[in-house]
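J.: Input file: model-v8.tsv. Contents: TSV, C-alpha atoms.
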```
chain	number	residue	atom	x	y	z
V	123	GLY	CA	11.48	35.03	31.06
V	124	ALA	CA	13.64	34.58	27.97
V	125	GLY	CA	16.59	32.29	28.27
V	126	VAL	CA	19.97	32.38	26.59
V	127	SER	CA	19.66	32.51	22.83
V	128	GLN	CA	22.27	31.67	20.21
V	129	SER	CA	22.47	32.17	16.50
V	130	PRO	CA	22.73	30.67	14.03
V	131	SER	CA	21.46	27.31	15.27
V	132	ASN	CA	23.42	25.57	12.52
V	133	LYS	CA	26.34	26.72	10.41
V	134	VAL	CA	28.08	24.91	7.59
V	135	THR	CA	31.25	26.50	6.26
V	136	GLU	CA	34.23	25.64	4.13
V	137	LYS	CA	37.67	25.09	5.55
V	138	GLY	CA	39.59	28.36	5.68
V	139	LYS	CA	36.55	30.62	6.02
V	140	ASP	CA	35.84	32.80	9.06
V	141	VAL	CA	32.67	32.33	11.12
V	142	GLU	CA	30.92	34.41	13.76
V	143	LEU	CA	28.68	32.90	16.40
V	144	ARG	CA	26.37	35.04	18.49
V	145	CYS	CA	25.11	34.72	22.05
V	146	ASP	CA	22.37	36.77	23.71
V	147	PRO	CA	22.55	36.16	27.47
V	148	ILE	CA	19.69	36.38	29.91
V	149	SER	CA	18.89	40.05	30.49
V	150	GLY	CA	20.81	41.45	33.45
V	151	HIS	CA	23.29	38.59	33.66
V	152	THR	CA	26.79	39.92	34.17
V	153	ALA	CA	28.77	36.78	33.43
V	154	LEU	CA	28.96	35.01	30.07
V	155	TYR	CA	30.75	31.80	29.17
V	156	TRP	CA	31.57	30.03	25.91
V	157	TYR	CA	32.08	26.26	25.77
V	158	ARG	CA	32.32	23.79	22.93
V	159	GLN	CA	31.35	20.16	22.68
V	160	SER	CA	32.80	17.93	20.02
V	161	LEU	CA	30.83	14.88	18.91
V	162	GLY	CA	30.55	12.41	21.77
V	163	GLN	CA	32.77	14.48	24.02
V	164	GLY	CA	32.29	16.53	27.17
V	165	LEU	CA	32.07	20.29	27.35
V	166	GLU	CA	35.31	22.22	26.92
V	167	PHE	CA	35.58	25.70	28.43
V	168	LEU	CA	36.68	28.41	26.01
V	169	ILE	CA	36.31	31.91	27.48
V	170	TYR	CA	34.59	33.78	30.30
V	171	PHE	CA	33.43	37.41	30.61
V	172	GLN	CA	32.51	39.04	33.90
V	173	GLY	CA	31.31	42.62	33.82
V	174	ASN	CA	34.04	45.03	32.83
V	175	SER	CA	36.88	42.77	33.92
V	176	ALA	CA	39.40	41.37	31.47
V	177	PRO	CA	38.05	38.11	30.05
V	178	ASP	CA	39.46	34.74	31.05
V	179	LYS	CA	40.71	33.42	27.71
V	180	SER	CA	42.52	30.42	29.14
V	181	GLY	CA	40.42	27.87	27.27
V	182	LEU	CA	40.77	29.23	23.75
V	183	PRO	CA	42.50	26.47	21.74
V	184	SER	CA	44.41	28.72	19.35
V	185	ASP	CA	44.81	32.33	18.25
V	186	ARG	CA	42.27	31.68	15.51
V	187	PHE	CA	39.61	31.90	18.21
V	188	SER	CA	38.52	35.21	19.70
V	189	ALA	CA	35.48	36.58	21.42
V	190	GLU	CA	34.12	39.92	22.44
V	191	ARG	CA	31.25	41.14	24.50
V	192	THR	CA	29.85	44.50	23.56
V	193	GLY	CA	28.10	46.69	26.09
V	194	GLY	CA	28.20	43.96	28.66
V	195	SER	CA	25.46	42.00	26.88
V	196	VAL	CA	25.70	40.27	23.50
V	197	SER	CA	28.82	38.24	22.77
V	198	THR	CA	30.34	37.11	19.49
V	199	LEU	CA	32.74	34.19	19.14
V	200	THR	CA	34.85	34.42	16.00
V	201	ILE	CA	36.79	31.57	14.47
V	202	GLN	CA	39.20	32.58	11.74
V	203	ARG	CA	40.47	30.27	9.00
V	204	THR	CA	38.27	27.43	10.20
V	205	GLN	CA	39.60	23.89	10.27
V	206	GLN	CA	37.70	20.61	10.19
V	207	GLU	CA	38.60	19.96	13.83
V	208	ASP	CA	36.67	23.11	14.75
V	209	SER	CA	33.45	21.23	13.96
V	210	ALA	CA	31.51	21.06	17.21
V	211	VAL	CA	28.55	22.45	19.09
V	212	TYR	CA	29.41	25.84	20.54
V	213	LEU	CA	27.49	26.58	23.72
V	214	CYS	CA	27.00	29.84	25.53
V	215	ALA	CA	25.97	30.21	29.16
V	216	SER	CA	25.23	33.20	31.34
V	217	SER	CA	24.92	33.74	35.07
V	218	GLY	CA	23.68	36.53	37.23
V	219	GLY	CA	26.73	37.00	39.38
V	220	GLY	CA	26.45	36.76	43.09
V	221	HIS	CA	27.62	34.08	45.42
V	222	GLU	CA	26.24	30.96	43.79
V	223	GLU	CA	26.38	31.86	40.09
V	224	THR	CA	24.23	29.21	38.47
V	225	GLN	CA	24.99	29.08	34.75
V	226	TYR	CA	22.15	28.77	32.28
V	227	PHE	CA	22.92	27.45	28.81
V	228	GLY	CA	21.65	28.32	25.39
V	229	PRO	CA	20.73	25.73	22.76
V	230	GLY	CA	24.09	25.94	21.03
V	231	THR	CA	25.33	26.51	17.50
V	232	ARG	CA	26.24	23.41	15.53
V	233	LEU	CA	29.24	24.21	13.37
V	234	LEU	CA	30.32	21.93	10.56
V	235	VAL	CA	33.51	22.72	8.68
V	236	LEU	CA	33.78	20.91	5.38
F	294	ASP	CA	37.53	22.33	41.52
F	295	ALA	CA	37.05	18.87	43.04
F	296	LYS	CA	36.74	15.85	40.79
F	297	THR	CA	33.53	13.83	40.71
F	298	THR	CA	32.87	10.15	40.03
F	299	GLN	CA	29.58	8.89	38.61
F	300	PRO	CA	28.36	5.58	37.22
F	301	THR	CA	28.63	5.46	33.45
F	302	SER	CA	25.03	4.46	32.90
F	303	MET	CA	21.86	3.33	34.58
F	304	ASP	CA	18.36	2.31	33.61
F	305	CYS	CA	15.20	3.36	35.37
F	306	ALA	CA	11.57	2.27	35.03
F	307	GLU	CA	9.08	4.93	34.04
F	308	GLY	CA	7.15	6.21	37.06
F	309	ARG	CA	9.73	5.02	39.53
F	310	ALA	CA	12.25	7.14	41.40
F	311	ALA	CA	15.69	7.44	39.86
F	312	ASN	CA	18.57	7.76	42.31
F	313	LEU	CA	21.79	9.03	40.76
F	314	PRO	CA	24.91	8.81	42.96
F	315	CYS	CA	27.98	11.03	42.80
F	316	ASN	CA	31.23	10.83	44.74
F	317	HIS	CA	33.23	13.98	45.44
F	318	SER	CA	35.55	12.97	48.24
F	319	THR	CA	37.98	15.88	47.71
F	320	ILE	CA	35.33	18.60	47.91
F	321	SER	CA	36.34	21.77	49.73
F	322	GLY	CA	34.29	23.67	52.26
F	323	ASN	CA	33.19	26.43	49.90
F	324	GLU	CA	32.47	24.25	46.87
F	325	TYR	CA	28.92	23.68	45.73
F	326	VAL	CA	27.49	20.51	44.19
F	327	TYR	CA	25.66	21.23	40.93
F	328	TRP	CA	23.63	18.89	38.77
F	329	TYR	CA	22.93	19.45	35.09
F	330	ARG	CA	21.51	17.20	32.45
F	331	GLN	CA	21.86	17.13	28.70
F	332	ILE	CA	19.14	15.69	26.57
F	333	HIS	CA	20.30	14.61	23.14
F	334	SER	CA	21.21	17.53	20.87
F	335	GLN	CA	20.31	20.16	23.43
F	336	GLY	CA	22.33	22.47	25.67
F	337	PRO	CA	22.89	21.44	29.29
F	338	GLN	CA	19.93	22.10	31.56
F	339	TYR	CA	20.40	23.20	35.16
F	340	ILE	CA	18.65	20.93	37.64
F	341	ILE	CA	19.64	21.78	41.20
F	342	HIS	CA	22.55	22.69	43.42
F	343	GLY	CA	23.47	22.69	47.10
F	344	LEU	CA	26.21	23.33	49.59
F	345	LYS	CA	25.47	21.38	52.78
F	346	ASN	CA	21.75	20.98	53.21
F	347	ASN	CA	19.43	18.79	51.18
F	348	GLU	CA	17.61	20.71	48.49
F	349	THR	CA	14.38	20.16	46.59
F	350	ASN	CA	12.80	21.92	43.65
F	351	GLU	CA	10.19	21.13	41.03
F	352	MET	CA	12.58	18.92	39.10
F	353	ALA	CA	14.48	16.92	41.69
F	354	SER	CA	15.87	16.50	45.18
F	355	LEU	CA	19.51	16.64	46.14
F	356	ILE	CA	20.74	14.69	49.14
F	357	ILE	CA	24.24	15.57	50.37
F	358	THR	CA	25.91	13.39	52.98
F	359	GLU	CA	26.96	14.97	56.23
F	360	ASP	CA	30.66	14.76	55.35
F	361	ARG	CA	29.83	16.19	51.89
F	362	LYS	CA	31.90	13.52	50.18
F	363	SER	CA	28.99	12.20	48.16
F	364	SER	CA	25.53	13.16	47.00
F	365	THR	CA	22.48	11.67	45.33
F	366	LEU	CA	20.18	13.28	42.82
F	367	ILE	CA	16.64	11.94	43.04
F	368	LEU	CA	14.14	12.20	40.23
F	369	PRO	CA	10.96	11.29	42.13
F	370	HIS	CA	8.86	9.97	39.24
F	371	ALA	CA	10.97	9.37	36.15
F	372	THR	CA	9.38	9.92	32.74
F	373	LEU	CA	10.62	9.00	29.29
F	374	ARG	CA	11.59	12.65	28.82
F	375	ASP	CA	14.08	12.33	31.66
F	376	THR	CA	16.31	10.16	29.47
F	377	ALA	CA	19.54	12.16	29.32
F	378	VAL	CA	23.14	12.37	30.48
F	379	TYR	CA	23.28	13.67	34.04
F	380	TYR	CA	26.34	15.56	35.22
F	381	CYS	CA	27.42	16.08	38.81
F	382	ILE	CA	29.79	19.04	39.10
F	383	VAL	CA	31.62	20.51	42.05
F	384	LYS	CA	32.39	24.18	41.69
F	385	ARG	CA	33.69	27.04	43.75
F	386	PRO	CA	31.28	29.97	43.91
F	387	ALA	CA	31.65	32.93	41.62
F	388	GLY	CA	33.50	33.17	38.38
F	389	ASN	CA	34.64	29.66	37.60
F	390	LYS	CA	33.97	27.53	34.60
F	391	LEU	CA	31.98	24.33	34.90
F	392	THR	CA	34.04	21.18	34.40
F	393	PHE	CA	31.88	18.42	32.99
F	394	GLY	CA	33.01	14.83	33.46
F	395	GLY	CA	31.55	11.85	31.71
F	396	GLY	CA	28.24	11.95	33.56
F	397	THR	CA	25.69	9.17	33.95
F	398	ARG	CA	23.68	8.15	30.93
F	399	VAL	CA	20.17	7.51	32.25
F	400	LEU	CA	17.71	5.56	30.16
F	401	VAL	CA	14.12	5.63	31.36
F	402	LYS	CA	12.25	2.60	30.07
F	403	PRO	CA	8.49	2.15	29.73
```
Since I need it in another form, could you write the structure as structure tokens?
T.:
Amino acid sequence: GAGVSQSPSNKVTEKGKDVELRCDPISGHTALYWYRQSLGQGLEFLIYFQGNSAPDKSGLPSDRFSAERTGGSVSTLTIQRTQQEDSAVYLCASSGGGHEETQYFGPGTRLLVL
Amino acid sequence: DAKTTQPTSMDCAEGRAANLPCNHSTISGNEYVYWYRQIHSQGPQYIIHGLKNNETNEMASLIITEDRKSSTLILPHATLRDTAVYYCIVKRPAGNKLTFGGGTRVLVKP
């Protein structure tokens, strides 16, 4: 079946502009995660959605970052007033819930802020 | 979630088995051992996971010691496409983020 998809695959923007990144999870998956990976670094957790529960926003680095998940499916990560340090690969993962909750990742969106 | 320790890098000959060790001495009873890999410029790929028993799937085998303080991921016949960074992660079930450490950079050589 279809995996996690993300769009755009690449995004170049100017400092100060807003960007929106999209994630389409695996159909039927109730949990959705956003991570980011800066060049040569490990993955950094950003935010987690589980069903109708309040999201876990503990990893968002600043109030310029926000995310929403509409209808329990598609999610959008928004970065306002982008800065050069926001340049990274933004990865989305989804899981089906249940006891073991294996997370499956999308290909990521490569964001470059000039 | 428990911390893991992995070798920074290792080489493997094509066609041979690759054995990737991971130490997780502070693992708790309900924490699973997960393995992912990340091939250059791609998202992390799930490989296998286990709790107590050894596990095998089409990609790899996972051997967990009886005391659960360490594990080994086995790629039975490494190919050049298996060159990647391999991450061993210990995670509680349900609703927790994955914490990726430095992983092991595996280079499969012809």
J.: Pick out the closest residue to chain F from this set: V:Val134, V:Val126, V:Val141, V:Leu213. Count only C-alpha atoms.
T.: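 Looking only at the distances to chain F, the closest residue turns out to be V:Leu213.
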J.: Mind listing as a PyMOL selection string which residues of chain F are within 9 Å of chain V, counting only C-alpha atoms?
T.: chain F and resi 325+327+334-339+342+385-396
J.: So what do you get for CA of Tyr380 in chain F versus CA of Ile357 in chain F, distance-wise?
T.: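 So the answer is 15.3 Å.
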J.: Please measure the separation of CA of Ile148 in chain V and CA of Gly173 in chain V, giving the value in Å to one decimal.
T.: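 Separation between CA of Ile148 in chain V and CA of Gly173 in chain V: 13.8 Å.
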J.: Counting all atoms listed in the file, find the residues whose atoms lie at most 10 Å from (33.8, 17.5, 56.5) (file coordinates) and write them out as a ChimeraX atom specification.
T.: /F:318-322,345,358-362
J.: With all atoms listed in the file as the basis for distance, which of V:Ala210, V:Ala176, V:Val235, V:Leu199 is at the shortest distance from Ser129 in chain V?
T.: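 Closest to Ser129 in chain V of all the choices is V:Leu199.
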J.: So what do you get for CA of Glu207 in chain V versus CA of Cys145 in chain V, distance-wise?
T.: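 The value is 21.6 Å.
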J.: Give me the residues near Arg203 in chain V as a PyMOL selection string, where near means some atom within 9 Å (using all atoms listed in the file) and where sequence neighbours in that chain fewer than 4 positions away do not count.
T.: chain V and resi 137-141+186
J.: Between F:Thr297, F:Ser302, F:Asn350, F:Asn312, which is the closest to Leu368 in chain F once you count only C-alpha atoms?
T.: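 Going through F:Thr297, F:Ser302, F:Asn350, F:Asn312 one by one, the smallest distance to Leu368 in chain F is for F:Asn312.
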J.: Measuring atom to atom with all atoms listed in the file, identify which of F:His317, F:Asn323, F:Ile341, F:Gln331 is nearest to Asp375 in chain F.
T.: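 Comparing F:His317, F:Asn323, F:Ile341, F:Gln331 against Asp375 in chain F, the winner is F:Gln331.
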J.: Counting all atoms listed in the file, figure out which residue out of F:Ser363, F:Ser354, F:Thr372, F:Thr349 gets nearest to Glu307 in chain F.
T.: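 Of the candidates, the smallest distance to Glu307 in chain F is held by F:Thr372.
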J.: Around range 302-306 of chain F, with edges along x, y and z and 4 Å added on all six sides, what centre and edge lengths do you get, in Å to one decimal, as AutoDock Vina command-line options?
T.:
```
--center_x 18.3 --center_y 3.4 --center_z 34.1 --size_x 21.5 --size_y 10.2 --size_z 10.5
```
J.: Restricting the calculation to only C-alpha atoms: of V:Ser149, V:Ser131, V:Thr192, V:Ser184, which residue gets closest to Thr204 in chain V?
T.: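 Comparing V:Ser149, V:Ser131, V:Thr192, V:Ser184 against Thr204 in chain V, the winner is V:Ser184.
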J.: Quick one: residues within 9 Å of Phe187 in chain V, all atoms listed in the file, excluding same-chain residues fewer than 5 positions away - as a PyMOL selection string?
T.: chain V and resi 182+199-202
J.: Using the partial input, fill out range 172-195 of chain V with N, CA, C and O atoms; write the result as a PDB file, keeping the file's coordinate frame.
T.:
```
ATOM      1  N   GLN V 172      33.200  38.616  32.695  1.00  0.00           N
ATOM      2  CA  GLN V 172      32.510  39.040  33.900  1.00  0.00           C
ATOM      3  C   GLN V 172      32.545  40.563  33.969  1.00  0.00           C
ATOM      4  O   GLN V 172      33.601  41.167  34.205  1.00  0.00           O
ATOM      5  N   GLY V 173      31.420  41.174  33.736  1.00  0.00           N
ATOM      6  CA  GLY V 173      31.310  42.620  33.820  1.00  0.00           C
ATOM      7  C   GLY V 173      32.342  43.312  32.956  1.00  0.00           C
ATOM      8  O   GLY V 173      32.530  42.983  31.785  1.00  0.00           O
ATOM      9  N   ASN V 174      33.030  44.273  33.545  1.00  0.00           N
ATOM     10  CA  ASN V 174      34.040  45.030  32.830  1.00  0.00           C
ATOM     11  C   ASN V 174      35.446  44.478  33.010  1.00  0.00           C
ATOM     12  O   ASN V 174      36.425  45.077  32.531  1.00  0.00           O
ATOM     13  N   SER V 175      35.554  43.354  33.683  1.00  0.00           N
ATOM     14  CA  SER V 175      36.880  42.770  33.920  1.00  0.00           C
ATOM     15  C   SER V 175      37.442  42.176  32.634  1.00  0.00           C
ATOM     16  O   SER V 175      36.694  41.862  31.702  1.00  0.00           O
ATOM     17  N   ALA V 176      38.762  42.023  32.611  1.00  0.00           N
ATOM     18  CA  ALA V 176      39.400  41.370  31.470  1.00  0.00           C
ATOM     19  C   ALA V 176      38.902  39.927  31.384  1.00  0.00           C
ATOM     20  O   ALA V 176      38.794  39.238  32.385  1.00  0.00           O
ATOM     21  N   PRO V 177      38.568  39.466  30.185  1.00  0.00           N
ATOM     22  CA  PRO V 177      38.050  38.110  30.050  1.00  0.00           C
ATOM     23  C   PRO V 177      39.091  37.050  30.370  1.00  0.00           C
ATOM     24  O   PRO V 177      40.284  37.269  30.201  1.00  0.00           O
ATOM     25  N   ASP V 178      38.607  35.909  30.834  1.00  0.00           N
ATOM     26  CA  ASP V 178      39.460  34.740  31.050  1.00  0.00           C
ATOM     27  C   ASP V 178      39.489  33.952  29.747  1.00  0.00           C
ATOM     28  O   ASP V 178      38.521  33.278  29.408  1.00  0.00           O
ATOM     29  N   LYS V 179      40.594  34.048  29.022  1.00  0.00           N
ATOM     30  CA  LYS V 179      40.710  33.420  27.710  1.00  0.00           C
ATOM     31  C   LYS V 179      41.458  32.096  27.769  1.00  0.00           C
ATOM     32  O   LYS V 179      41.889  31.580  26.733  1.00  0.00           O
ATOM     33  N   SER V 180      41.627  31.552  28.959  1.00  0.00           N
ATOM     34  CA  SER V 180      42.520  30.420  29.140  1.00  0.00           C
ATOM     35  C   SER V 180      42.121  29.170  28.382  1.00  0.00           C
ATOM     36  O   SER V 180      42.950  28.287  28.157  1.00  0.00           O
ATOM     37  N   GLY V 181      40.867  29.069  27.966  1.00  0.00           N
ATOM     38  CA  GLY V 181      40.420  27.870  27.270  1.00  0.00           C
ATOM     39  C   GLY V 181      40.444  27.952  25.758  1.00  0.00           C
ATOM     40  O   GLY V 181      40.184  26.959  25.076  1.00  0.00           O
ATOM     41  N   LEU V 182      40.760  29.109  25.210  1.00  0.00           N
ATOM     42  CA  LEU V 182      40.770  29.230  23.750  1.00  0.00           C
ATOM     43  C   LEU V 182      41.869  28.335  23.177  1.00  0.00           C
ATOM     44  O   LEU V 182      43.027  28.433  23.575  1.00  0.00           O
ATOM     45  N   PRO V 183      41.526  27.470  22.216  1.00  0.00           N
ATOM     46  CA  PRO V 183      42.500  26.470  21.740  1.00  0.00           C
ATOM     47  C   PRO V 183      43.598  27.026  20.851  1.00  0.00           C
ATOM     48  O   PRO V 183      44.658  26.404  20.735  1.00  0.00           O
ATOM     49  N   SER V 184      43.373  28.139  20.199  1.00  0.00           N
ATOM     50  CA  SER V 184      44.410  28.720  19.350  1.00  0.00           C
ATOM     51  C   SER V 184      44.093  30.192  19.134  1.00  0.00           C
ATOM     52  O   SER V 184      43.023  30.674  19.499  1.00  0.00           O
ATOM     53  N   ASP V 185      45.037  30.891  18.497  1.00  0.00           N
ATOM     54  CA  ASP V 185      44.810  32.330  18.250  1.00  0.00           C
ATOM     55  C   ASP V 185      43.827  32.564  17.110  1.00  0.00           C
ATOM     56  O   ASP V 185      43.518  33.705  16.782  1.00  0.00           O
ATOM     57  N   ARG V 186      43.323  31.492  16.515  1.00  0.00           N
ATOM     58  CA  ARG V 186      42.270  31.680  15.510  1.00  0.00           C
ATOM     59  C   ARG V 186      40.922  31.965  16.169  1.00  0.00           C
ATOM     60  O   ARG V 186      39.996  32.413  15.514  1.00  0.00           O
ATOM     61  N   PHE V 187      40.857  31.702  17.459  1.00  0.00           N
ATOM     62  CA  PHE V 187      39.610  31.900  18.210  1.00  0.00           C
ATOM     63  C   PHE V 187      39.685  33.213  18.979  1.00  0.00           C
ATOM     64  O   PHE V 187      40.682  33.503  19.644  1.00  0.00           O
ATOM     65  N   SER V 188      38.619  33.973  18.913  1.00  0.00           N
ATOM     66  CA  SER V 188      38.520  35.210  19.700  1.00  0.00           C
ATOM     67  C   SER V 188      37.069  35.449  20.036  1.00  0.00           C
ATOM     68  O   SER V 188      36.162  34.895  19.396  1.00  0.00           O
ATOM     69  N   ALA V 189      36.847  36.257  21.040  1.00  0.00           N
ATOM     70  CA  ALA V 189      35.480  36.580  21.420  1.00  0.00           C
ATOM     71  C   ALA V 189      35.451  37.982  21.994  1.00  0.00           C
ATOM     72  O   ALA V 189      36.445  38.466  22.546  1.00  0.00           O
ATOM     73  N   GLU V 190      34.316  38.618  21.830  1.00  0.00           N
ATOM     74  CA  GLU V 190      34.120  39.920  22.440  1.00  0.00           C
ATOM     75  C   GLU V 190      32.711  40.001  22.987  1.00  0.00           C
ATOM     76  O   GLU V 190      31.826  39.245  22.586  1.00  0.00           O
ATOM     77  N   ARG V 191      32.561  40.907  23.896  1.00  0.00           N
ATOM     78  CA  ARG V 191      31.250  41.140  24.500  1.00  0.00           C
ATOM     79  C   ARG V 191      31.015  42.638  24.523  1.00  0.00           C
ATOM     80  O   ARG V 191      31.680  43.370  25.240  1.00  0.00           O
ATOM     81  N   THR V 192      30.089  43.077  23.705  1.00  0.00           N
ATOM     82  CA  THR V 192      29.850  44.500  23.560  1.00  0.00           C
ATOM     83  C   THR V 192      28.785  44.972  24.522  1.00  0.00           C
ATOM     84  O   THR V 192      27.723  44.342  24.646  1.00  0.00           O
ATOM     85  N   GLY V 193      29.070  46.082  25.192  1.00  0.00           N
ATOM     86  CA  GLY V 193      28.100  46.690  26.090  1.00  0.00           C
ATOM     87  C   GLY V 193      27.688  45.800  27.240  1.00  0.00           C
ATOM     88  O   GLY V 193      26.618  46.000  27.838  1.00  0.00           O
ATOM     89  N   GLY V 194      28.498  44.832  27.541  1.00  0.00           N
ATOM     90  CA  GLY V 194      28.200  43.960  28.660  1.00  0.00           C
ATOM     91  C   GLY V 194      27.022  43.019  28.433  1.00  0.00           C
ATOM     92  O   GLY V 194      26.483  42.445  29.380  1.00  0.00           O
ATOM     93  N   SER V 195      26.619  42.862  27.153  1.00  0.00           N
ATOM     94  CA  SER V 195      25.460  42.000  26.880  1.00  0.00           C
ATOM     95  C   SER V 195      25.812  40.943  25.841  1.00  0.00           C
ATOM     96  O   SER V 195      26.411  39.928  26.150  1.00  0.00           O
TER      97      SER V 195
END
```
